[in-house]
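**Student:** Just one file: input-v7.cif, with mmCIF, C-alpha atoms.
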data_coords
loop_
_atom_site.label_atom_id
_atom_site.label_comp_id
_atom_site.auth_asym_id
_atom_site.auth_seq_id
_atom_site.Cartn_x
_atom_site.Cartn_y
_atom_site.Cartn_z
CA MET Y 994 241.61 77.84 -150.23
CA PHE Y 995 238.08 79.20 -149.76
CA ILE Y 996 237.87 77.67 -146.25
CA LEU Y 997 241.19 79.21 -145.23
CA PHE Y 998 240.09 82.60 -146.57
CA SER Y 999 236.78 82.29 -144.70
CA VAL Y 1000 238.50 81.40 -141.40
CA ILE Y 1001 240.96 84.28 -141.75
CA THR Y 1002 238.11 86.68 -142.57
CA ILE Y 1003 236.09 85.56 -139.54
CA LEU Y 1004 239.13 85.85 -137.26
CA PHE Y 1005 239.85 89.31 -138.62
CA ILE Y 1006 236.27 90.43 -137.96
CA LEU Y 1007 236.36 89.07 -134.39
CA ILE Y 1008 239.72 90.67 -133.62
CA ALA Y 1009 238.69 93.97 -135.23
CA SER Y 1010 235.48 93.97 -133.20
CA ALA Y 1011 237.38 93.47 -129.93
CA ALA Y 1012 239.96 96.12 -130.89
CA TYR Y 1013 237.25 98.63 -131.79
CA ALA Y 1014 235.48 98.05 -128.46
CA GLY Y 1015 238.78 98.50 -126.60
CA PHE Y 1016 239.59 101.66 -128.51
CA ARG Y 1017 236.07 103.09 -128.17
CA ALA Y 1018 235.56 102.65 -124.41
CA ALA Y 1019 237.39 99.74 -122.77
CA PRO Y 1020 239.01 96.42 -123.51
CA TRP Y 1021 237.00 93.45 -122.34
CA VAL Y 1022 237.82 93.02 -118.66
CA PRO Y 1023 235.05 91.39 -116.62
CA THR Y 1024 233.67 92.81 -113.40
CA TRP Y 1025 234.73 90.57 -110.52
CA GLY Y 1026 231.86 88.25 -109.61
CA LYS Y 1027 232.55 88.78 -105.92
CA ASP Y 1028 231.56 92.45 -106.39
CA PHE Y 1029 228.16 91.83 -108.05
CA ASP Y 1030 226.27 92.07 -104.75
CA ARG Y 1031 227.92 95.42 -103.99
CA VAL Y 1032 226.96 96.76 -107.43
CA VAL Y 1033 223.34 95.63 -107.06
CA ARG Y 1034 223.11 97.05 -103.53
CA LEU Y 1035 224.42 100.44 -104.68
CA ALA Y 1036 221.97 100.45 -107.62
CA ASP Y 1037 219.12 100.29 -105.07
CA LEU Y 1038 216.65 99.16 -107.73
CA LYS Y 1039 212.94 99.61 -107.27
CA SER Y 1040 209.99 98.07 -109.04
CA GLY Y 1041 209.50 99.40 -112.55
CA GLU Y 1042 212.96 100.92 -112.97
CA ILE Y 1043 215.12 100.67 -116.09
CA VAL Y 1044 218.77 99.57 -115.96
CA TYR Y 1045 221.42 100.07 -118.66
CA GLU Y 1046 224.77 98.31 -118.54
CA LEU Y 1047 227.32 100.02 -120.77
CA GLY Y 1048 229.78 97.48 -122.11
CA ALA Y 1049 227.82 94.46 -120.91
CA GLY Y 1050 230.52 91.99 -121.87
CA GLU Y 1051 229.32 88.42 -121.63
CA GLY Y 1052 226.20 89.35 -119.63
CA ARG Y 1053 226.97 88.02 -116.15
CA LEU Y 1054 225.92 91.22 -114.41
CA LEU Y 1055 222.74 91.40 -116.51
CA LEU Y 1056 221.77 88.06 -114.99
CA GLN Y 1057 222.44 89.45 -111.50
CA PHE Y 1058 220.25 92.48 -112.19
CA ALA Y 1059 217.51 90.05 -113.28
CA HIS Y 1060 217.11 89.07 -109.61
CA THR Y 1061 216.00 92.62 -108.75
CA PRO Y 1062 212.58 94.27 -109.13
CA ALA Y 1063 213.79 96.27 -112.17
CA ALA Y 1064 211.27 96.26 -115.01
CA GLU Y 1065 213.75 96.39 -117.86
CA ILE Y 1066 217.47 95.56 -118.00
CA THR Y 1067 219.44 96.29 -121.17
CA GLY Y 1068 223.10 95.69 -121.85
CA PHE Y 1069 225.01 97.32 -124.69
CA GLU Y 1070 228.06 95.62 -126.20
CA ILE Y 1071 230.03 96.20 -129.44
CA SER Y 1072 232.52 93.35 -129.28
CA LEU Y 1073 231.12 90.34 -131.17
CA VAL Y 1074 232.23 87.43 -128.99
CA PRO Y 1075 231.12 88.85 -125.61
CA TYR Y 1076 227.89 90.06 -127.25
CA ALA Y 1077 227.11 86.58 -128.61
CA ILE Y 1078 227.76 84.99 -125.21
CA ALA Y 1079 225.57 87.59 -123.47
CA TRP Y 1080 222.80 87.11 -126.03
CA LEU Y 1081 222.82 83.36 -125.37
CA ARG Y 1082 222.79 83.92 -121.60
CA VAL Y 1083 219.86 86.33 -121.50
CA ARG Y 1084 217.66 84.99 -124.32
CA ARG Y 1085 215.42 83.05 -121.92
CA LEU Y 1086 214.81 86.21 -119.86
CA ARG Y 1087 213.51 88.32 -122.75
CA PRO Y 1088 211.86 90.79 -123.01
CA ARG Y 1089 212.71 91.96 -119.48
CA VAL Y 1090 216.47 91.40 -119.94
CA SER Y 1091 218.16 92.04 -123.26
CA VAL Y 1092 221.52 92.78 -124.79
CA ARG Y 1093 221.94 94.97 -127.83
CA PHE Y 1094 224.82 95.05 -130.30
CA LYS Y 1095 225.08 98.82 -130.22
CA ASP Y 1096 227.55 101.57 -129.33
CA PHE Y 1097 226.29 103.10 -126.08
CA PHE Y 1098 227.69 106.50 -127.06
CA LYS Y 1099 224.89 106.53 -129.67
CA ILE Y 1100 221.95 105.71 -127.40
CA ASP Y 1101 219.72 108.02 -125.40
CA PHE Y 1102 220.12 107.69 -121.61
CA SER Y 1103 216.95 109.63 -120.72
CA GLN Y 1104 214.85 106.53 -119.89
CA ALA Y 1105 217.40 104.88 -117.57
CA ASN Y 1106 217.04 104.98 -113.79
CA VAL Y 1107 220.37 103.20 -113.23
CA ILE Y 1108 223.41 103.05 -115.51
CA PHE Y 1109 226.29 100.70 -114.71
CA CYS Y 1110 229.70 100.99 -116.36
CA PHE Y 1111 233.21 99.59 -116.02
CA LEU Y 1112 235.08 101.71 -118.54
CA THR Y 1113 238.41 103.46 -118.95
CA PRO Y 1114 239.06 106.99 -117.63
CA PRO Y 1115 238.95 108.51 -121.17
CA ALA Y 1116 235.54 106.89 -121.75
CA MET Y 1117 234.33 108.20 -118.38
CA ARG Y 1118 235.39 111.73 -119.38
CA LYS Y 1119 233.35 111.44 -122.60
CA LEU Y 1120 230.37 109.97 -120.77
CA GLN Y 1121 230.41 112.72 -118.15
CA LEU Y 1122 228.99 115.17 -120.69
CA LYS Y 1123 226.47 112.62 -121.98
CA PHE Y 1124 225.28 111.78 -118.46
CA ALA Y 1125 224.85 115.47 -117.62
CA ALA Y 1126 222.95 116.19 -120.85
CA GLU Y 1127 220.70 113.13 -121.06
CA CYS Y 1128 220.06 111.64 -117.63
CA LYS Y 1129 217.01 112.75 -115.68
CA PRO Y 1130 217.36 113.93 -112.07
CA GLY Y 1131 217.70 110.99 -109.70
CA THR Y 1132 219.40 108.68 -112.23
CA ARG Y 1133 221.99 106.57 -110.44
CA ILE Y 1134 225.32 106.07 -112.21
CA ILE Y 1135 227.32 103.13 -110.83
CA SER Y 1136 230.95 103.11 -111.96
CA TYR Y 1137 233.22 100.19 -111.24
CA ALA Y 1138 236.88 101.02 -110.58
CA PHE Y 1139 236.99 104.46 -112.20
CA SER Y 1140 235.43 107.70 -110.99
CA ILE Y 1141 233.80 110.32 -113.16
CA PRO Y 1142 236.33 113.18 -113.42
CA GLY Y 1143 235.25 116.31 -111.59
CA TRP Y 1144 232.18 114.72 -109.99
CA THR Y 1145 231.79 113.88 -106.31
CA PRO Y 1146 230.24 110.46 -105.73
CA ASP Y 1147 227.21 110.08 -103.51
CA VAL Y 1148 228.85 106.86 -102.25
CA MET Y 1149 232.31 105.39 -102.75
CA ASP Y 1150 232.18 101.74 -101.71
CA LYS Y 1151 235.58 100.20 -100.90
CA PRO Y 1152 235.11 97.88 -97.91
CA LYS Y 1153 238.73 96.69 -97.82
CA PRO Y 1154 242.01 98.27 -98.94
CA ASN Y 1155 242.46 95.63 -101.65
CA ALA Y 1156 238.82 95.80 -102.85
CA MET Y 1157 237.87 97.49 -106.11
CA ALA Y 1158 236.23 100.88 -105.58
CA ILE Y 1159 232.64 101.26 -106.78
CA TYR Y 1160 231.28 104.78 -107.16
CA ARG Y 1161 227.64 105.85 -107.14
CA TYR Y 1162 226.57 109.20 -108.49
CA ILE Y 1163 223.04 110.56 -108.41
CA ILE Y 1164 222.17 113.02 -111.16
CA GLY Y 1165 220.92 116.30 -109.75
CA ARG Y 1166 222.63 115.99 -106.37
CA ALA Y 1167 225.51 118.28 -105.55
#
Would you mind writing the file's structure down as structure tokens?
**Tutor:**
Amino acid sequence: MFILFSVITILFILIASAAYAGFRAAPWVPTWGKDFDRVVRLADLKSGEIVYELGAGEGRLLLQFAHTPAAEITGFEISLVPYAIAWLRVRRLRPRVSVRFKDFFKIDFSQANVIFCFLTPPAMRKLQLKFAAECKPGTRIISYAFSIPGWTPDVMDKPKPNAMAIYRYIIGRA
């Protein structure tokens, strides 16, 4: 009986974690691997820069960013299973690459040079205010699939009609 109760409790925690993440910002839907190069190109990372990935999922894009000259790459994830997978994937790259089990709505964006996100339109609306308040001029926001409402992207990358749009915004540019 204790084992059954333990299994049910663990399953409940895992499902609740995934549901909370989906409710808070986005359900877990991975960025297409074929688009990683486009994301990294749009990020235009330079030596010493800091990258945040909001909703890092299982950490595949964090590994891609690790091939750039960025000094520090941090992913934020609040769903337990993707977080655990990401933690296992990036542990050998620490301290340069890390993943944190933390709600990105509660972190300070002021140190980031590049912020990547693949989130729902309601989450993008909430983040719009946070980006404007906390990001320093020149910070590059890369958004996969969804634009930031009311903002004009510096670049909208959609090389083919059936390709996913990727938007780049630069804080402080009109």
**Student:** Give me the result of the PyMOL selection byres ((chain Y and resi 1148) around 10) on this file, residue by residue, as an mmCIF file with C-alpha atoms, in the frame of the given file.
**Tutor:**
data_model
loop_
_atom_site.group_PDB
_atom_site.id
_atom_site.type_symbol
_atom_site.label_atom_id
_atom_site.label_comp_id
_atom_site.auth_asym_id
_atom_site.auth_seq_id
_atom_site.Cartn_x
_atom_site.Cartn_y
_atom_site.Cartn_z
ATOM 1 C CA LEU Y 1035 224.420 100.440 -104.680
ATOM 2 C CA ILE Y 1135 227.320 103.130 -110.830
ATOM 3 C CA THR Y 1145 231.790 113.880 -106.310
ATOM 4 C CA PRO Y 1146 230.240 110.460 -105.730
ATOM 5 C CA ASP Y 1147 227.210 110.080 -103.510
ATOM 6 C CA MET Y 1149 232.310 105.390 -102.750
ATOM 7 C CA ASP Y 1150 232.180 101.740 -101.710
ATOM 8 C CA LYS Y 1151 235.580 100.200 -100.900
ATOM 9 C CA ILE Y 1159 232.640 101.260 -106.780
ATOM 10 C CA TYR Y 1160 231.280 104.780 -107.160
ATOM 11 C CA ARG Y 1161 227.640 105.850 -107.140
ATOM 12 C CA TYR Y 1162 226.570 109.200 -108.490
ATOM 13 C CA ILE Y 1163 223.040 110.560 -108.410
#
**Student:** Which residues match the PyMOL selection byres ((chain Y and resi 1120) around 12) in the file above, as an NGL selection string?
**Tutor:** :Y and (1017-1018 or 1047 or 1097-1102 or 1108-1119 or 1121-1128 or 1134 or 1136 or 1140-1142 or 1144)
**Student:** Put those residues in a file: C-alpha atoms, as a CSV table (one decimal), keeping the file's coordinate frame.
**Tutor:**
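Just written: out-v5.csv:
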chain,number,residue,atom,x,y,z
Y,1017,ARG,CA,236.1,103.1,-128.2
Y,1018,ALA,CA,235.6,102.6,-124.4
Y,1047,LEU,CA,227.3,100.0,-120.8
Y,1097,PHE,CA,226.3,103.1,-126.1
Y,1098,PHE,CA,227.7,106.5,-127.1
Y,1099,LYS,CA,224.9,106.5,-129.7
Y,1100,ILE,CA,222.0,105.7,-127.4
Y,1101,ASP,CA,219.7,108.0,-125.4
Y,1102,PHE,CA,220.1,107.7,-121.6
Y,1108,ILE,CA,223.4,103.0,-115.5
Y,1109,PHE,CA,226.3,100.7,-114.7
Y,1110,CYS,CA,229.7,101.0,-116.4
Y,1111,PHE,CA,233.2,99.6,-116.0
Y,1112,LEU,CA,235.1,101.7,-118.5
Y,1113,THR,CA,238.4,103.5,-119.0
Y,1114,PRO,CA,239.1,107.0,-117.6
Y,1115,PRO,CA,239.0,108.5,-121.2
Y,1116,ALA,CA,235.5,106.9,-121.8
Y,1117,MET,CA,234.3,108.2,-118.4
Y,1118,ARG,CA,235.4,111.7,-119.4
Y,1119,LYS,CA,233.4,111.4,-122.6
Y,1121,GLN,CA,230.4,112.7,-118.2
Y,1122,LEU,CA,229.0,115.2,-120.7
Y,1123,LYS,CA,226.5,112.6,-122.0
Y,1124,PHE,CA,225.3,111.8,-118.5
Y,1125,ALA,CA,224.8,115.5,-117.6
Y,1126,ALA,CA,223.0,116.2,-120.8
Y,1127,GLU,CA,220.7,113.1,-121.1
Y,1128,CYS,CA,220.1,111.6,-117.6
Y,1134,ILE,CA,225.3,106.1,-112.2
Y,1136,SER,CA,231.0,103.1,-112.0
Y,1140,SER,CA,235.4,107.7,-111.0
Y,1141,ILE,CA,233.8,110.3,-113.2
Y,1142,PRO,CA,236.3,113.2,-113.4
Y,1144,TRP,CA,232.2,114.7,-110.0
**Student:** Could you tell me which of Y:Val1044, Y:Ala1077, Y:Ile996, Y:Val1032 comes closest to Gln1104 in chain Y if we count all atoms listed in the file?
**Tutor:**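 With all atoms listed in the file as the atom set, the closest residue is Y:Val1044.
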**Student:** Smallest atom-to-atom distance to Pro1062 in chain Y: which of Y:Ser1040, Y:Glu1046, Y:Tyr1076, Y:Arg1082, using all atoms listed in the file?
**Tutor:**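 Of Y:Ser1040, Y:Glu1046, Y:Tyr1076, Y:Arg1082, the one nearest Pro1062 in chain Y, counting all atoms listed in the file, is Y:Ser1040.
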**Student:** Given only C-alpha atoms as the basis, pick out the residue of Y:Lys1027, Y:Lys1153, Y:Lys1095, Y:Lys1039 nearest to Glu1070 in chain Y.
**Tutor:**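 Of Y:Lys1027, Y:Lys1153, Y:Lys1095, Y:Lys1039, the one nearest Glu1070 in chain Y, counting only C-alpha atoms, is Y:Lys1095.
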**Student:** Kindly indicate which residue among Y:Arg1034, Y:Arg1133, Y:Arg1166, Y:Arg1093 lies nearest to Phe1069 in chain Y, using all atoms listed in the file for the distances.
**Tutor:**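 Using all atoms listed in the file, the shortest distance to Phe1069 in chain Y belongs to Y:Arg1093.
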**Student:** Could you state which residues are captured by the PyMOL selection byres ((chain Y and resi 1138) around 6) in this file, as JSON, numbers by chain?
**Tutor:** {"Y": [1137, 1139, 1157, 1158, 1159]}
**Student:** Taking only C-alpha atoms into account, which of Y:Ile1071, Y:Gly1165, Y:Phe1029, Y:Thr1132 comes nearest Val1107 in chain Y?
**Tutor:** Y:Thr1132
